[in-house]
$ cat run.pdb   # PDB, C-alpha atoms
MODEL        1
ATOM      1  CA  MET Y 637     -39.155  29.989 -17.972
ATOM      2  CA  ASN Y 638     -41.916  32.242 -16.693
ATOM      3  CA  GLU Y 639     -40.883  33.479 -13.231
ATOM      4  CA  SER Y 640     -44.504  33.570 -12.099
ATOM      5  CA  LEU Y 641     -44.498  29.753 -12.246
ATOM      6  CA  ILE Y 642     -41.395  29.427 -10.050
ATOM      7  CA  SER Y 643     -41.902  28.775  -6.351
ATOM      8  CA  PRO Y 644     -41.231  32.036  -4.453
ATOM      9  CA  PHE Y 645     -39.352  30.030  -1.823
ATOM     10  CA  ASN Y 646     -36.716  29.052  -4.393
ATOM     11  CA  LEU Y 647     -35.883  32.574  -5.608
ATOM     12  CA  THR Y 648     -32.365  33.723  -4.762
ATOM     13  CA  HIS Y 649     -32.058  36.778  -6.971
ATOM     14  CA  PRO Y 650     -33.544  40.217  -6.103
ATOM     15  CA  THR Y 651     -36.987  40.699  -7.599
ATOM     16  CA  ALA Y 652     -38.624  43.291  -5.326
ATOM     17  CA  ALA Y 653     -37.664  46.707  -3.975
ATOM     18  CA  GLN Y 654     -36.869  46.414  -0.273
ATOM     19  CA  SER Y 655     -36.613  50.085   0.631
ATOM     20  CA  SER Y 656     -36.197  53.535  -0.839
ATOM     21  CA  LEU Y 657     -33.646  56.201   0.070
ATOM     22  CA  PHE Y 658     -34.574  59.818  -0.588
ATOM     23  CA  ALA Y 659     -31.105  60.704  -1.812
ATOM     24  CA  SER Y 660     -31.814  62.870  -4.903
ATOM     25  CA  ALA Y 661     -29.331  60.597  -6.673
ATOM     26  CA  ALA Y 662     -28.513  60.349 -10.366
ATOM     27  CA  PHE Y 663     -26.705  57.043  -9.755
ATOM     28  CA  ALA Y 664     -25.470  54.893  -6.855
ATOM     29  CA  ARG Y 665     -22.652  52.446  -6.230
ATOM     30  CA  PHE Y 666     -21.921  49.941  -3.442
ATOM     31  CA  ASP Y 667     -18.590  50.064  -1.638
ATOM     32  CA  PRO Y 668     -16.485  46.834  -1.607
ATOM     33  CA  SER Y 669     -17.819  45.840   1.823
ATOM     34  CA  GLY Y 670     -21.427  46.205   0.696
ATOM     35  CA  ARG Y 671     -22.417  48.221   3.754
ATOM     36  CA  TYR Y 672     -22.114  51.708   2.288
ATOM     37  CA  LEU Y 673     -23.611  53.298  -0.779
ATOM     38  CA  GLY Y 674     -22.092  56.184  -2.701
ATOM     39  CA  VAL Y 675     -24.503  58.377  -4.663
ATOM     40  CA  GLY Y 676     -23.831  61.103  -7.213
ATOM     41  CA  ARG Y 677     -26.170  63.989  -7.887
ATOM     42  CA  SER Y 678     -26.826  66.269 -10.826
ATOM     43  CA  ASN Y 679     -26.271  69.359  -8.654
ATOM     44  CA  GLY Y 680     -22.557  68.584  -8.265
ATOM     45  CA  THR Y 681     -22.660  66.932  -4.838
ATOM     46  CA  ALA Y 682     -22.263  63.335  -3.710
ATOM     47  CA  ALA Y 683     -23.003  61.486  -0.500
ATOM     48  CA  VAL Y 684     -22.357  58.263   1.403
ATOM     49  CA  TRP Y 685     -25.260  56.320   2.917
ATOM     50  CA  ASP Y 686     -25.090  53.636   5.593
ATOM     51  CA  LEU Y 687     -27.336  50.761   4.542
ATOM     52  CA  GLU Y 688     -27.612  49.435   8.096
ATOM     53  CA  THR Y 689     -29.095  52.663   9.469
ATOM     54  CA  ARG Y 690     -30.542  53.938   6.158
ATOM     55  CA  ALA Y 691     -28.961  57.316   6.948
ATOM     56  CA  ARG Y 692     -26.685  59.694   5.104
ATOM     57  CA  ILE Y 693     -23.350  59.772   6.932
ATOM     58  CA  ARG Y 694     -21.070  61.777   4.612
ATOM     59  CA  SER Y 695     -21.468  64.689   2.219
ATOM     60  CA  LEU Y 696     -19.067  65.429  -0.628
ATOM     61  CA  GLU Y 697     -19.395  68.997  -1.872
ATOM     62  CA  GLY Y 698     -16.762  70.080  -4.369
ATOM     63  CA  HIS Y 699     -18.115  69.994  -7.915
ATOM     64  CA  VAL Y 700     -20.058  72.815  -9.552
ATOM     65  CA  LYS Y 701     -21.706  70.682 -12.243
ATOM     66  CA  ALA Y 702     -23.279  67.242 -12.371
ATOM     67  CA  VAL Y 703     -21.333  64.319 -10.931
ATOM     68  CA  THR Y 704     -20.844  61.708 -13.659
ATOM     69  CA  SER Y 705     -19.218  58.804 -11.785
ATOM     70  CA  LEU Y 706     -18.182  57.599  -8.343
ATOM     71  CA  ASP Y 707     -15.626  54.934  -7.447
ATOM     72  CA  TRP Y 708     -14.436  53.344  -4.189
ATOM     73  CA  SER Y 709     -10.938  52.238  -3.240
ATOM     74  CA  PHE Y 710     -10.749  48.556  -2.346
ATOM     75  CA  ASN Y 711     -10.605  49.251   1.417
ATOM     76  CA  SER Y 712     -13.449  51.828   1.211
ATOM     77  CA  ARG Y 713     -11.365  54.685   2.626
ATOM     78  CA  TRP Y 714     -11.118  56.743  -0.550
ATOM     79  CA  ILE Y 715     -13.794  57.918  -2.971
ATOM     80  CA  LEU Y 716     -13.240  59.254  -6.469
ATOM     81  CA  THR Y 717     -15.792  61.459  -8.207
ATOM     82  CA  SER Y 718     -15.800  62.900 -11.708
ATOM     83  CA  SER Y 719     -17.911  65.718 -13.059
ATOM     84  CA  LYS Y 720     -18.877  67.775 -16.069
ATOM     85  CA  ASP Y 721     -16.962  70.650 -14.445
ATOM     86  CA  TRP Y 722     -13.716  69.123 -15.872
ATOM     87  CA  ASN Y 723     -12.558  67.945 -12.439
ATOM     88  CA  VAL Y 724     -11.890  64.615 -10.733
ATOM     89  CA  ILE Y 725     -11.746  64.752  -6.928
ATOM     90  CA  LYS Y 726     -10.264  62.233  -4.510
ATOM     91  CA  TRP Y 727     -11.908  62.229  -1.064
ATOM     92  CA  ASP Y 728     -10.592  60.807   2.216
ATOM     93  CA  LEU Y 729     -13.399  59.302   4.287
ATOM     94  CA  ALA Y 730     -11.071  59.180   7.309
ATOM     95  CA  SER Y 731     -11.776  62.900   7.648
ATOM     96  CA  GLN Y 732     -13.645  63.694  10.871
ATOM     97  CA  CYS Y 733     -15.539  66.665   9.462
ATOM     98  CA  ASP Y 734     -18.594  66.846   7.250
ATOM     99  CA  PRO Y 735     -18.818  67.935   4.494
ATOM    100  CA  ILE Y 736     -15.551  66.173   3.729
ATOM    101  CA  GLN Y 737     -12.710  68.363   2.532
ATOM    102  CA  ARG Y 738     -11.355  67.376  -0.858
ATOM    103  CA  MET Y 739      -7.915  65.752  -0.765
ATOM    104  CA  VAL Y 740      -6.796  66.049  -4.403
ATOM    105  CA  THR Y 741      -8.400  67.799  -7.362
ATOM    106  CA  ILE Y 742      -7.330  66.661 -10.836
ATOM    107  CA  ARG Y 743      -8.104  69.166 -13.584
ATOM    108  CA  PHE Y 744      -8.650  68.083 -17.192
ATOM    109  CA  ASP Y 745      -9.333  69.922 -20.443
ATOM    110  CA  GLY Y 746     -12.959  68.928 -20.758
ATOM    111  CA  PRO Y 747     -15.941  67.318 -19.048
ATOM    112  CA  VAL Y 748     -15.059  63.985 -17.426
ATOM    113  CA  LEU Y 749     -17.448  61.093 -18.045
ATOM    114  CA  SER Y 750     -15.893  58.593 -15.648
ATOM    115  CA  ALA Y 751     -12.933  58.075 -13.330
ATOM    116  CA  SER Y 752     -11.800  54.995 -11.437
ATOM    117  CA  PHE Y 753      -9.068  53.914  -9.054
ATOM    118  CA  HIS Y 754      -6.531  51.286  -9.962
ATOM    119  CA  PRO Y 755      -7.724  48.111  -8.167
ATOM    120  CA  ARG Y 756      -4.575  47.963  -6.003
ATOM    121  CA  ASN Y 757      -3.497  51.603  -5.679
ATOM    122  CA  SER Y 758      -5.735  54.586  -5.011
ATOM    123  CA  ASN Y 759      -3.040  56.979  -6.232
ATOM    124  CA  ILE Y 760      -3.428  55.798  -9.825
ATOM    125  CA  VAL Y 761      -6.530  57.054 -11.618
ATOM    126  CA  LEU Y 762      -8.073  56.226 -14.991
ATOM    127  CA  ALA Y 763     -10.196  59.045 -16.457
ATOM    128  CA  LEU Y 764     -12.364  59.217 -19.580
ATOM    129  CA  LEU Y 765     -13.274  62.610 -21.057
ATOM    130  CA  SER Y 766     -16.370  63.394 -23.090
ATOM    131  CA  SER Y 767     -14.100  63.945 -26.088
ATOM    132  CA  GLY Y 768     -13.098  60.279 -25.988
ATOM    133  CA  GLU Y 769      -9.635  60.998 -24.599
ATOM    134  CA  THR Y 770      -8.506  58.614 -21.861
ATOM    135  CA  TYR Y 771      -5.790  59.391 -19.324
ATOM    136  CA  VAL Y 772      -3.887  57.537 -16.620
ATOM    137  CA  GLU Y 773      -3.069  59.971 -13.806
ATOM    138  CA  ASP Y 774      -0.344  58.888 -11.378
ATOM    139  CA  LEU Y 775      -0.585  60.855  -8.124
ATOM    140  CA  ARG Y 776       2.400  59.226  -6.414
ATOM    141  CA  ARG Y 777       5.021  61.787  -5.452
ATOM    142  CA  LYS Y 778       7.971  59.952  -6.988
ATOM    143  CA  SER Y 779       6.230  59.156 -10.269
ATOM    144  CA  ARG Y 780       3.705  61.996 -10.732
ATOM    145  CA  SER Y 781       2.605  61.914 -14.360
ATOM    146  CA  ARG Y 782      -0.281  61.957 -16.819
ATOM    147  CA  VAL Y 783      -0.308  59.593 -19.786
ATOM    148  CA  GLU Y 784      -2.847  59.650 -22.589
ATOM    149  CA  LEU Y 785      -4.138  56.415 -24.115
ATOM    150  CA  ARG Y 786      -4.909  57.718 -27.527
ATOM    151  CA  GLU Y 787      -2.782  56.601 -30.436
ATOM    152  CA  ILE Y 788      -2.572  53.169 -32.042
ATOM    153  CA  GLN Y 789      -0.491  52.981 -35.204
ATOM    154  CA  GLN Y 790      -0.714  56.766 -35.532
ATOM    155  CA  GLN Y 791      -4.519  56.670 -35.536
ATOM    156  CA  LYS Y 792      -6.628  58.728 -33.168
ATOM    157  CA  LEU Y 793      -9.284  56.635 -31.442
ATOM    158  CA  ASP Y 794     -12.307  57.763 -29.440
ATOM    159  CA  MET Y 795     -12.598  55.308 -26.565
ATOM    160  CA  ILE Y 796     -15.500  54.419 -24.303
ATOM    161  CA  PHE Y 797     -15.851  52.319 -21.151
ATOM    162  CA  PRO Y 798     -12.177  51.931 -20.077
ATOM    163  CA  LYS Y 799     -11.733  49.476 -17.198
ATOM    164  CA  TRP Y 800      -8.763  48.260 -15.143
ATOM    165  CA  HIS Y 801      -7.568  44.673 -14.975
ATOM    166  CA  PRO Y 802      -8.202  43.494 -11.372
ATOM    167  CA  LEU Y 803      -4.547  42.571 -10.728
ATOM    168  CA  LYS Y 804      -2.173  44.053 -13.285
ATOM    169  CA  SER Y 805      -1.521  47.343 -15.032
ATOM    170  CA  LEU Y 806      -3.736  46.359 -17.938
ATOM    171  CA  ILE Y 807      -6.691  48.324 -19.287
ATOM    172  CA  VAL Y 808      -9.500  47.200 -21.546
ATOM    173  CA  SER Y 809     -11.580  49.673 -23.504
ATOM    174  CA  THR Y 810     -13.925  49.782 -26.456
ATOM    175  CA  THR Y 811     -14.143  52.212 -29.338
ATOM    176  CA  LYS Y 812     -17.102  53.767 -31.077
ATOM    177  CA  GLU Y 813     -16.300  51.478 -34.016
ATOM    178  CA  GLY Y 814     -16.905  48.426 -31.804
ATOM    179  CA  ASN Y 815     -13.290  47.339 -31.303
ATOM    180  CA  VAL Y 816     -12.011  46.054 -27.968
ATOM    181  CA  LEU Y 817      -8.571  47.398 -27.068
ATOM    182  CA  LEU Y 818      -6.187  45.860 -24.532
ATOM    183  CA  TRP Y 819      -3.613  48.287 -23.158
ATOM    184  CA  HIS Y 820      -0.421  47.266 -21.373
ATOM    185  CA  SER Y 821       2.900  48.777 -20.332
ATOM    186  CA  PRO Y 822       5.387  47.952 -23.118
ATOM    187  CA  ASN Y 823       8.869  47.016 -21.959
ATOM    188  CA  PRO Y 824      11.941  47.506 -24.197
ATOM    189  CA  GLU Y 825      13.397  44.246 -25.463
ATOM    190  CA  ARG Y 826      16.614  43.199 -23.768
ATOM    191  CA  TRP Y 827      18.601  41.614 -26.561
ATOM    192  CA  GLY Y 828      21.178  40.296 -24.113
ATOM    193  CA  ALA Y 829      18.581  37.796 -22.900
ATOM    194  CA  PHE Y 830      18.662  36.028 -26.286
ATOM    195  CA  ALA Y 831      22.417  35.560 -26.495
ATOM    196  CA  GLY Y 832      24.367  33.813 -23.781
ATOM    197  CA  GLY Y 833      27.574  35.526 -22.705
ATOM    198  CA  PHE Y 834      26.456  38.954 -23.872
ATOM    199  CA  GLU Y 835      25.719  41.740 -21.442
ATOM    200  CA  GLU Y 836      23.413  44.595 -22.425
ATOM    201  CA  VAL Y 837      24.341  48.082 -21.233
ATOM    202  CA  ASP Y 838      22.367  51.321 -21.187
ATOM    203  CA  GLU Y 839      25.309  53.528 -22.189
ATOM    204  CA  ASN Y 840      28.637  53.176 -23.950
ATOM    205  CA  VAL Y 841      31.481  51.688 -21.928
ATOM    206  CA  GLU Y 842      35.133  51.286 -22.816
ATOM    207  CA  TYR Y 843      35.916  47.691 -23.703
ATOM    208  CA  GLU Y 844      39.077  46.166 -22.237
ATOM    209  CA  GLU Y 845      40.502  43.371 -24.340
ATOM    210  CA  ARG Y 846      42.082  40.395 -22.578
ATOM    211  CA  GLU Y 847      45.632  39.532 -23.563
ATOM    212  CA  ASP Y 848      44.740  36.024 -24.768
ATOM    213  CA  GLU Y 849      41.220  36.794 -26.000
ATOM    214  CA  PHE Y 850      41.946  36.366 -29.704
ATOM    215  CA  ASP Y 851      44.775  33.818 -29.473
ATOM    216  CA  ILE Y 852      44.385  30.797 -31.744
ATOM    217  CA  GLU Y 853      44.004  27.683 -29.611
ATOM    218  CA  ASP Y 854      45.465  24.324 -30.454
ATOM    219  CA  GLU Y 855      42.739  22.193 -32.035
ATOM    220  CA  GLU Y 856      44.093  19.095 -30.326
ATOM    221  CA  GLU Y 857      43.704  20.717 -26.899
ATOM    222  CA  ILE Y 858      40.153  21.767 -27.754
ATOM    223  CA  MET Y 859      39.282  18.196 -28.767
ATOM    224  CA  LYS Y 860      40.714  16.827 -25.511
ATOM    225  CA  ARG Y 861      38.529  19.166 -23.442
ATOM    226  CA  LYS Y 862      35.443  18.156 -25.388
ATOM    227  CA  MET Y 863      36.150  14.450 -24.954
ATOM    228  CA  LYS Y 864      36.735  14.942 -21.210
ATOM    229  CA  ALA Y 865      33.452  16.827 -20.843
ATOM    230  CA  GLU Y 866      31.559  14.067 -22.660
ATOM    231  CA  ASP Y 867      33.009  11.412 -20.327
ATOM    232  CA  GLU Y 868      31.773  13.194 -17.184
ATOM    233  CA  GLU Y 869      28.616  11.733 -15.640
ATOM    234  CA  VAL Y 870      25.572  13.948 -15.577
ATOM    235  CA  ASP Y 871      23.665  14.057 -12.266
ATOM    236  CA  ILE Y 872      19.977  13.971 -13.113
ATOM    237  CA  ASP Y 873      18.728  13.131  -9.605
ATOM    238  CA  THR Y 874      19.878  16.204  -7.661
ATOM    239  CA  ILE Y 875      17.637  19.260  -7.881
ATOM    240  CA  VAL Y 876      19.607  22.486  -7.774
ATOM    241  CA  GLU Y 877      17.591  25.476  -6.610
ATOM    242  CA  ASP Y 878      17.965  28.682  -8.578
ATOM    243  CA  THR Y 879      19.098  31.238  -6.011
ATOM    244  CA  THR Y 880      19.576  33.986  -8.587
ATOM    245  CA  ARG Y 881      15.879  34.585  -8.911
ATOM    246  CA  CYS Y 882      13.369  34.547  -6.091
ATOM    247  CA  ASN Y 883       9.715  34.870  -6.926
ATOM    248  CA  ILE Y 884       7.627  36.376  -4.176
ATOM    249  CA  VAL Y 885       3.951  35.861  -4.783
ATOM    250  CA  LEU Y 886       1.480  38.072  -2.942
ATOM    251  CA  ASP Y 887      -2.214  37.469  -3.504
ATOM    252  CA  GLY Y 888      -1.343  35.526  -6.639
ATOM    253  CA  ILE Y 889       0.897  38.307  -8.029
ATOM    254  CA  ASP Y 890       4.532  37.735  -8.962
ATOM    255  CA  ALA Y 891       6.521  40.538  -7.329
ATOM    256  CA  GLU Y 892       9.031  40.439 -10.194
ATOM    257  CA  ASP Y 893       6.319  41.014 -12.761
ATOM    258  CA  GLU Y 894       7.011  44.584 -13.924
ATOM    259  CA  ASP Y 895       3.367  45.180 -14.831
ATOM    260  CA  ALA Y 896       2.254  44.128 -11.360
ATOM    261  CA  ALA Y 897       5.022  45.963  -9.518
ATOM    262  CA  TRP Y 898       4.193  49.198 -11.336
ATOM    263  CA  ALA Y 899       1.020  49.540  -9.273
ATOM    264  CA  ALA Y 900       2.064  47.947  -6.004
ATOM    265  CA  TYR Y 901      -0.205  48.323  -3.004
ATOM    266  CA  ASP Y 902      -0.058  51.754  -1.413
ATOM    267  CA  ARG Y 903       0.482  51.687   2.345
ATOM    268  CA  ASP Y 904      -2.679  53.754   2.899
ATOM    269  CA  ASP Y 905      -4.721  51.205   0.958
ATOM    270  CA  VAL Y 906      -3.830  48.152   3.028
ATOM    271  CA  GLY Y 907      -5.441  47.146   6.278
ATOM    272  CA  GLU Y 908      -8.989  47.487   7.468
ATOM    273  CA  PHE Y 909     -10.656  50.886   7.473
ATOM    274  CA  ARG Y 910     -13.641  51.692   9.653
ATOM    275  CA  MET Y 911     -15.604  54.771   8.822
ATOM    276  CA  LYS Y 912     -16.780  57.027  11.621
ATOM    277  CA  ILE Y 913     -20.564  57.253  11.491
ATOM    278  CA  ILE Y 914     -21.880  60.821  11.426
ATOM    279  CA  MET Y 915     -25.666  60.802  11.567
ATOM    280  CA  GLN Y 916     -27.907  63.248   9.737
ATOM    281  CA  GLU Y 917     -28.850  64.947  13.037
ATOM    282  CA  ASP Y 918     -25.169  65.675  13.735
ATOM    283  CA  ILE Y 919     -24.762  67.151  10.245
ATOM    284  CA  ASP Y 920     -27.748  69.458  10.643
ATOM    285  CA  GLU Y 921     -26.419  70.752  13.955
TER     286      GLU Y 921
ENDMDL
END
$ encode --input "run.pdb" --output "structure tokens"
Amino acid sequence: MNESLISPFNLTHPTAAQSSLFASAAFARFDPSGRYLGVGRSNGTAAVWDLETRARIRSLEGHVKAVTSLDWSFNSRWILTSSKDWNVIKWDLASQCDPIQRMVTIRFDGPVLSASFHPRNSNIVLALLSSGETYVEDLRRKSRSRVELREIQQQKLDMIFPKWHPLKSLIVSTTKEGNVLLWHSPNPERWGAFAGGFEEVDENVEYEEREDEFDIEDEEEIMKRKMKAEDEEVDIDTIVEDTTRCNIVLDGIDAEDEDAAWAAYDRDDVGEFRMKIIMQEDIDE
């Protein structure tokens, strides 16, 4: 339908520019609260704008080439920027100074097209290089690592547009051939789960044979036990709770789900964060 024929009083979607910010920006992105705006520039800098005051309140100066992407943590405390200078920088907006001092610099082997936080943990970063290589960088002290998402059935794939699943450690990406790839954390199969009475071990252990383990039982005694078991009444009314497994669900996430637990909430990511407002006049002084 032609929008010119629609009553202007019924429009709910944005159709007109409300204001303009002179930010010299190559791109911009809202924070999760919607109050702040992060902008990236081609000169290697980035900035945070307060939409209530229409003022720049933070400067991020750390790259030497164009900023290619900007991402917010879910509580708006951390910002992640990537650049053609081969670096990804994590910034802490709780810093009281301006320009903000970089917190972590992640160096790659080529220009970085995009970088994003894991939705639930700002210490896990997904980065896409201009070469098509995609990496998961884990900044946590106990599990510091870098993993490349590259090979599928021994084939090298150039990926584009990798994105996190909002809840789990799943990634979706596309390839230049048009395929959509779903990435997960494969877990080794525990064969003991398919056979009752068997216990799976991670290393060899010495087996101790019971004295009567391989004794031949009297068939008549075996038949008597079976007949006795069949005569016992089965209680189908009483519900017995399984105390061996306790599922703790937080925000719809099963705590025993290994994929979910892999990227549990970081303590610095929980709770409300309020940014200190530093006005442009204070920065110039």
$ atom_distance --input "run.pdb" --atom1 "CA of Trp722 in chain Y" --atom2 "CA of His801 in chain Y"
25.2 Å
$ resolve_selection --input "run.pdb" --expression "the PyMOL selection byres ((chain Y and resi 730-744) around 8)" --output "ChimeraX atom specification"
/Y:694-698,713,722-729,745-748,911-912,919
$ atom_distance --input "run.pdb" --atom1 "CA of Glu688 in chain Y" --atom2 "CA of Phe658 in chain Y"
15.2 Å
$ atom_distance --input "run.pdb" --atom1 "CA of Ser655 in chain Y" --atom2 "CA of Val684 in chain Y"
16.5 Å
$ residues_around --input "run.pdb" --residues "range 749-765 of chain Y" --least-positions-apart "4" --cutoff "6 Å" --atoms "only C-alpha atoms" --output "VMD selection string"
chain Y and resid 704 to 705 707 709 718 769 to 776 802 901 to 902
$ axis_aligned_box --input "run.pdb" --around "range 758-776 of chain Y" --padding-each-side "3 Å" --output "JSON"
{"center_x": -7.0, "center_y": 59.3, "center_z": -15.5, "size_x": 24.8, "size_y": 15.4, "size_z": 27.1}
$ resolve_selection --input "run.pdb" --expression "the PyMOL selection byres ((chain Y and resi 677) around 8)" --output "MDAnalysis selection string"
chainID Y and resid 660:663 675:676 678:682 702:703
$ residues_around --input "run.pdb" --residues "range 805-809 of chain Y" --least-positions-apart "3" --cutoff "6 Å" --atoms "only C-alpha atoms" --output "list in words"
Phe797, Pro798, Lys799, Trp800, His801, Val816, Leu817, Leu818, Trp819, His820 and Asp895 of chain Y
